[in-house]
file model05.csv (CSV, C-alpha atoms)
chain,number,residue,atom,x,y,z
A,1,MET,CA,74.4,59.3,-50.3
A,2,GLY,CA,71.8,59.4,-53.1
A,3,GLU,CA,71.5,55.6,-53.2
A,4,GLU,CA,71.1,55.5,-49.4
A,5,ALA,CA,68.3,58.1,-49.6
A,6,ARG,CA,66.5,56.1,-52.4
A,7,ALA,CA,66.8,52.9,-50.3
A,8,LEU,CA,65.3,54.6,-47.3
A,9,ASP,CA,62.5,56.0,-49.4
A,10,MET,CA,61.8,52.5,-50.7
A,11,GLU,CA,61.7,51.1,-47.2
A,12,GLU,CA,59.3,53.8,-46.0
A,13,THR,CA,57.1,53.2,-49.0
A,14,SER,CA,57.0,49.5,-48.4
A,15,GLU,CA,56.1,50.1,-44.7
A,16,GLU,CA,53.3,52.5,-45.7
A,17,ASN,CA,51.9,49.9,-48.2
A,18,THR,CA,52.0,47.2,-45.6
A,19,THR,CA,50.2,49.4,-43.1
A,20,ARG,CA,47.6,50.4,-45.7
A,21,ARG,CA,47.0,46.7,-46.6
A,22,ASN,CA,46.6,45.8,-42.9
A,23,HIS,CA,44.0,48.6,-42.5
A,24,VAL,CA,42.1,47.3,-45.5
A,25,VAL,CA,42.1,43.7,-44.2
A,26,HIS,CA,40.9,45.0,-40.8
A,27,ASP,CA,38.1,47.0,-42.4
A,28,LEU,CA,36.9,44.0,-44.3
A,29,MET,CA,36.9,41.7,-41.3
A,30,VAL,CA,33.7,41.7,-39.3
A,31,GLU,CA,33.6,40.0,-35.9
A,32,LEU,CA,30.3,38.3,-35.2
A,33,TYR,CA,29.2,37.5,-31.7
A,34,PRO,CA,26.7,34.8,-30.8
A,35,LEU,CA,23.0,35.8,-30.7
A,36,SER,CA,22.9,34.4,-27.2
A,37,SER,CA,25.2,37.2,-26.0
A,38,TYR,CA,22.5,39.8,-26.6
A,39,TYR,CA,19.5,40.6,-24.4
A,40,PHE,CA,16.0,41.6,-25.7
A,41,SER,CA,13.2,43.3,-23.9
A,42,SER,CA,10.1,45.2,-25.1
A,43,ARG,CA,8.6,48.7,-24.7
A,44,ASP,CA,5.5,50.6,-25.8
A,45,ALA,CA,4.3,50.1,-29.4
A,46,LEU,CA,5.8,52.4,-32.0
A,47,ARG,CA,3.4,54.4,-34.2
A,48,VAL,CA,3.5,53.2,-37.8
A,49,LYS,CA,2.1,55.0,-40.8
A,50,ASP,CA,-0.2,52.5,-42.5
A,51,GLU,CA,-0.7,53.9,-46.0
A,52,ILE,CA,-1.9,52.7,-49.3
A,53,ILE,CA,0.5,53.4,-52.2
A,54,SER,CA,-1.4,56.5,-53.4
A,55,ASP,CA,-1.2,58.0,-49.9
A,56,ARG,CA,2.5,57.4,-49.7
A,57,VAL,CA,3.1,59.0,-53.1
A,58,ILE,CA,1.2,62.1,-51.9
A,59,ARG,CA,3.4,62.2,-48.7
A,60,LEU,CA,6.5,61.8,-50.8
A,61,LYS,CA,5.5,64.7,-53.1
A,62,SER,CA,4.7,66.9,-50.1
A,63,ASN,CA,8.1,66.1,-48.4
A,64,TYR,CA,9.9,66.7,-51.7
A,65,ALA,CA,8.2,70.1,-52.2
A,66,ALA,CA,9.2,71.1,-48.6
A,67,HIS,CA,12.7,69.6,-48.3
A,68,GLY,CA,13.9,68.2,-51.6
A,69,LEU,CA,15.5,64.8,-51.9
A,70,ARG,CA,14.4,62.5,-49.1
A,71,THR,CA,17.3,60.5,-47.7
A,72,CYS,CA,16.9,57.4,-45.6
A,73,VAL,CA,19.5,55.4,-43.7
A,74,GLU,CA,19.2,51.8,-42.6
A,75,ALA,CA,21.5,49.7,-40.4
A,76,VAL,CA,22.7,46.2,-41.2
A,77,LEU,CA,23.4,44.4,-37.9
A,78,LEU,CA,25.0,41.0,-37.9
A,79,VAL,CA,25.2,38.2,-35.3
A,80,GLU,CA,26.3,34.6,-35.3
A,81,LEU,CA,24.0,31.7,-35.0
A,82,LEU,CA,24.9,28.0,-35.8
A,83,LYS,CA,28.2,29.3,-37.2
A,84,HIS,CA,26.4,31.3,-39.9
A,85,PRO,CA,26.0,35.1,-40.2
A,86,HIS,CA,22.5,36.3,-39.5
A,87,VAL,CA,21.0,39.8,-40.1
A,88,LEU,CA,18.7,41.4,-37.5
A,89,LEU,CA,15.4,42.4,-39.0
A,90,LEU,CA,12.3,44.0,-37.6
A,91,GLN,CA,9.1,42.2,-38.5
A,92,TYR,CA,5.8,44.0,-38.6
A,93,ARG,CA,2.4,42.3,-38.9
A,94,ASN,CA,4.1,38.9,-39.6
A,95,SER,CA,4.7,39.8,-43.3
A,96,ILE,CA,6.7,43.1,-43.4
A,97,PHE,CA,10.4,43.0,-42.8
A,98,LYS,CA,12.5,46.1,-42.3
A,99,LEU,CA,16.0,47.1,-41.4
A,100,PRO,CA,16.2,49.4,-38.5
A,101,GLY,CA,16.4,53.0,-39.8
A,102,GLY,CA,14.4,55.8,-41.4
A,103,ARG,CA,14.4,59.3,-42.8
A,104,LEU,CA,17.1,61.8,-42.0
A,105,ARG,CA,16.2,65.1,-40.5
A,106,PRO,CA,17.2,68.3,-42.4
A,107,GLY,CA,20.9,69.0,-41.8
A,108,GLU,CA,21.4,65.7,-40.0
A,109,SER,CA,24.5,63.6,-41.1
A,110,ASP,CA,24.2,60.0,-42.1
A,111,ILE,CA,26.0,58.7,-39.0
A,112,GLU,CA,23.9,60.8,-36.7
A,113,GLY,CA,20.8,59.6,-38.4
A,114,VAL,CA,21.8,55.9,-38.1
A,115,LYS,CA,22.4,56.3,-34.4
A,116,ARG,CA,19.2,58.2,-33.8
A,117,LYS,CA,17.1,55.7,-35.8
A,118,LEU,CA,18.7,52.7,-34.0
A,119,ALA,CA,17.8,54.4,-30.7
A,120,SER,CA,14.2,55.0,-31.8
A,121,LYS,CA,13.8,51.4,-33.0
A,122,LEU,CA,16.0,49.4,-30.5
A,123,SER,CA,16.4,51.5,-27.4
A,124,VAL,CA,14.1,53.0,-24.7
A,125,ASN,CA,13.6,56.1,-27.0
A,126,GLU,CA,15.5,58.0,-29.6
A,127,ASN,CA,17.1,60.2,-27.0
A,128,VAL,CA,18.9,57.1,-25.5
A,129,VAL,CA,21.6,56.1,-27.9
A,130,VAL,CA,22.4,52.4,-28.1
A,131,PRO,CA,25.9,52.2,-26.7
A,132,GLY,CA,28.8,50.4,-28.2
A,133,LEU,CA,27.7,50.4,-31.8
A,134,GLU,CA,30.2,51.2,-34.5
A,135,VAL,CA,28.6,52.7,-37.6
A,136,GLY,CA,30.8,51.6,-40.5
A,137,GLU,CA,30.8,52.2,-44.2
A,138,CYS,CA,27.9,52.6,-46.6
A,139,ILE,CA,27.6,49.3,-48.4
A,140,GLY,CA,24.8,50.1,-50.8
A,141,MET,CA,22.5,52.9,-52.1
A,142,TRP,CA,19.1,52.7,-53.8
A,143,TRP,CA,17.4,55.6,-55.7
A,144,ARG,CA,13.8,56.5,-56.4
A,145,PRO,CA,14.0,58.4,-59.7
A,146,ASN,CA,10.4,59.5,-59.6
A,147,PHE,CA,7.5,59.1,-57.2
A,148,GLU,CA,6.7,55.5,-58.3
A,149,THR,CA,7.2,52.7,-55.8
A,150,LEU,CA,10.3,51.1,-57.4
A,151,MET,CA,13.8,51.9,-56.2
A,152,TYR,CA,17.0,51.0,-58.1
A,153,PRO,CA,20.5,50.3,-57.0
A,154,PHE,CA,21.9,52.9,-59.3
A,155,LEU,CA,20.9,56.4,-60.4
A,156,PRO,CA,20.1,56.6,-64.2
A,157,PRO,CA,22.2,59.3,-65.9
A,158,ASN,CA,19.2,61.0,-67.3
A,159,VAL,CA,17.7,61.6,-63.8
A,160,LYS,CA,18.8,64.9,-62.5
A,161,HIS,CA,16.4,65.3,-59.6
A,162,PRO,CA,15.8,61.9,-57.8
A,163,LYS,CA,13.1,61.9,-55.2
A,164,GLU,CA,14.5,59.5,-52.6
A,165,CYS,CA,17.8,57.8,-51.7
A,166,THR,CA,18.2,54.9,-49.2
A,167,LYS,CA,21.6,54.1,-47.8
A,168,LEU,CA,22.6,50.9,-46.1
A,169,PHE,CA,25.3,51.1,-43.4
A,170,LEU,CA,27.2,48.2,-41.9
A,171,VAL,CA,27.0,48.6,-38.1
A,172,ARG,CA,29.4,46.5,-36.0
A,173,LEU,CA,28.0,45.2,-32.7
A,174,PRO,CA,29.8,45.0,-29.4
A,175,VAL,CA,30.3,41.7,-27.5
A,176,ASN,CA,27.0,42.1,-25.7
A,177,GLN,CA,24.1,44.5,-25.9
A,178,GLN,CA,20.5,45.0,-24.8
A,179,PHE,CA,17.9,45.7,-27.4
A,180,VAL,CA,14.5,47.2,-26.4
A,181,VAL,CA,12.0,46.4,-29.2
A,182,PRO,CA,8.6,48.1,-29.6
A,183,LYS,CA,5.7,45.7,-28.8
A,184,ASN,CA,4.2,45.8,-32.3
A,185,PHE,CA,7.5,44.6,-33.8
A,186,LYS,CA,9.6,41.4,-33.6
A,187,LEU,CA,13.4,41.4,-33.9
A,188,LEU,CA,14.4,38.4,-35.9
A,189,ALA,CA,17.8,36.9,-36.8
A,190,VAL,CA,17.6,35.8,-40.4
A,191,PRO,CA,20.5,33.8,-42.0
A,192,LEU,CA,22.1,35.3,-45.1
A,193,CYS,CA,21.3,32.2,-47.1
A,194,GLN,CA,17.6,32.8,-46.5
A,195,LEU,CA,17.8,36.4,-47.6
A,196,HIS,CA,19.7,35.7,-50.8
A,197,GLU,CA,17.6,36.8,-53.8
A,198,ASN,CA,14.4,36.1,-51.8
A,199,GLU,CA,12.8,39.3,-53.0
A,200,LYS,CA,9.3,37.9,-52.7
A,201,THR,CA,9.6,37.7,-48.9
A,202,TYR,CA,12.1,40.4,-48.0
A,203,GLY,CA,11.8,42.9,-50.8
A,204,PRO,CA,14.4,44.2,-53.4
A,205,ILE,CA,16.8,45.8,-50.9
A,206,ILE,CA,17.1,43.3,-48.0
A,207,SER,CA,17.3,40.4,-50.4
A,208,GLN,CA,20.5,41.9,-51.9
A,209,ILE,CA,22.3,42.2,-48.6
A,210,PRO,CA,24.3,38.9,-49.0
A,211,LYS,CA,25.8,40.2,-52.2
A,212,LEU,CA,26.7,43.6,-50.6
A,213,LEU,CA,28.5,41.7,-47.8
A,214,SER,CA,30.4,39.4,-50.2
A,215,LYS,CA,33.6,41.4,-49.9
A,216,PHE,CA,33.7,41.0,-46.1
A,217,SER,CA,35.2,38.1,-44.1
A,218,PHE,CA,33.5,37.0,-41.0
A,219,ASN,CA,35.2,36.0,-37.8
A,220,MET,CA,32.9,33.9,-35.6
A,221,MET,CA,33.7,34.9,-32.0
A,222,GLU,CA,33.3,32.5,-29.2
A,223,ILE,CA,32.3,33.7,-25.7
call {"tool": "encode", "arguments": {"input": "model05.csv", "output": "C-alpha cells"}}
result
Amino acid sequence: MGEEARALDMEETSEENTTRRNHVVHDLMVELYPLSSYYFSSRDALRVKDEIISDRVIRLKSNYAAHGLRTCVEAVLLVELLKHPHVLLLQYRNSIFKLPGGRLRPGESDIEGVKRKLASKLSVNENVVVPGLEVGECIGMWWRPNFETLMYPFLPPNVKHPKECTKLFLVRLPVNQQFVVPKNFKLLAVPLCQLHENEKTYGPIISQIPKLLSKFSFNMMEI
C-alpha cells in the first residue's frame, strides 16, 4: 500500500511539474500580429510639459515633497513587420521618442495605471480604455536615486529614499486594434535591431528593450 501511495505521489508531482513547465513556456511566448492588422487615426493634440532640466528638477522635488516616491509605468507594445519584432514608440518633435505611459496617481495600481495611460495616449481619451490589451509582467525597472537626470537599472544599496521609479510592462496586443494618436505625436514601429544599444537616439531605457525581451520567444502570426 505504501509503495502504491508513493507511486501515485510521484505521478502527481510529475504532472504538476509538466503543467508548471507548460505555463512557463506559454508565458515566455509572445504572439506578434502584423502591423497591417492595426488601424490608426488621430485626435486633438495632447498637452506636453516642455521644460528645461532645472524646471523638471523643481517639479520632481515638489511632487516628492507632496507624494513621496514618483512611480511611472510604461508599456512595451510589439508588432510584426517584415518577419521581425517591432516596438511601437511615440515620437514627439521628430527627435524625442517615448513609450506610452506616465506617472501613477496616488493609490493607483501598476496595472490600472498602464491601462489608463494607454487610453490617454492611444485612445479617444483616458476614460475610454483600449480594449483587448493584456498587461503582462514587469520586464524592467529604473531608479532615480536623487533629483539628477540620470536613472539606473538598479537601486544602489546605499540609497534608502529614491526619488523616482520607472517600470516597463510587456503588453500583449490582440489580433487587431484601432489606435487614436494625438496630432502632435507620431506612432512608429521601430525594429528591435535598431533600438539595440542605440542610446544616443532612443535614450538609456528604450535602447535596452531588446535585452529585456531576450528571454521571450516570438511567434509571428499570419492573418
call {"tool": "closest_atom_pairs", "arguments": {"input": "model05.csv", "of": "segment 90-152 of chain A", "to": "segment 23-45 of chain A", "cutoff": "9 Å", "atoms": "only C-alpha atoms", "output": "tab-separated table"}}
result
residue	atom	partner	partner_atom	distance
A:Ser123	CA	A:Arg43	CA	8.7
A:Val124	CA	A:Arg43	CA	7.0
A:Gly136	CA	A:Asp27	CA	8.8
call {"tool": "write_last_selection", "arguments": {"input": "model05.csv", "atoms": "C-alpha atoms", "output": "mmCIF file, in the coordinates of the input"}}
result
data_model
loop_
_atom_site.group_PDB
_atom_site.id
_atom_site.type_symbol
_atom_site.label_atom_id
_atom_site.label_comp_id
_atom_site.auth_asym_id
_atom_site.auth_seq_id
_atom_site.Cartn_x
_atom_site.Cartn_y
_atom_site.Cartn_z
ATOM 1 C CA SER A 123 16.400 51.500 -27.400
ATOM 2 C CA VAL A 124 14.100 53.000 -24.700
ATOM 3 C CA GLY A 136 30.800 51.600 -40.500
#
call {"tool": "atom_distance", "arguments": {"input": "model05.csv", "atom1": "atom CA of Asn127 of chain A", "atom2": "atom CA of Arg103 of chain A"}}
result
16.1 Å
call {"tool": "atom_distance", "arguments": {"input": "model05.csv", "atom1": "atom CA of Pro100 of chain A", "atom2": "atom CA of Ala119 of chain A"}}
result
9.4 Å
call {"tool": "closest_residue", "arguments": {"input": "model05.csv", "among": "A:Ile58, A:Leu150, A:His84, A:Asn158", "to": "Ser217 of chain A", "atoms": "all atoms listed in the file"}}
result
A:His84
call {"tool": "atom_distance", "arguments": {"input": "model05.csv", "atom1": "atom CA of Gly132 of chain A", "atom2": "atom CA of Leu88 of chain A"}}
result
16.4 Å
call {"tool": "residues_around", "arguments": {"input": "model05.csv", "residues": "Ala66 of chain A", "least_positions_apart": "5", "cutoff": "12 Å", "atoms": "only C-alpha atoms", "output": "PDB file with C-alpha atoms, keeping the file's coordinate frame"}}
result
ATOM      1  CA  ARG A  59       3.400  62.200 -48.700  1.00  0.00           C
ATOM      2  CA  LEU A  60       6.500  61.800 -50.800  1.00  0.00           C
ATOM      3  CA  LYS A  61       5.500  64.700 -53.100  1.00  0.00           C
ATOM      4  CA  PRO A 106      17.200  68.300 -42.400  1.00  0.00           C
ATOM      5  CA  LYS A 163      13.100  61.900 -55.200  1.00  0.00           C
TER       6      LYS A 163
END
call {"tool": "closest_residue", "arguments": {"input": "model05.csv", "among": "A:Pro131, A:Gly68, A:Gly203, A:Pro191", "to": "Ile96 of chain A", "atoms": "all atoms listed in the file"}}
result
A:Gly203
call {"tool": "closest_residue", "arguments": {"input": "model05.csv", "among": "A:Gly101, A:Lys215, A:Arg172, A:Lys49", "to": "Leu78 of chain A", "atoms": "all atoms listed in the file"}}
result
A:Arg172
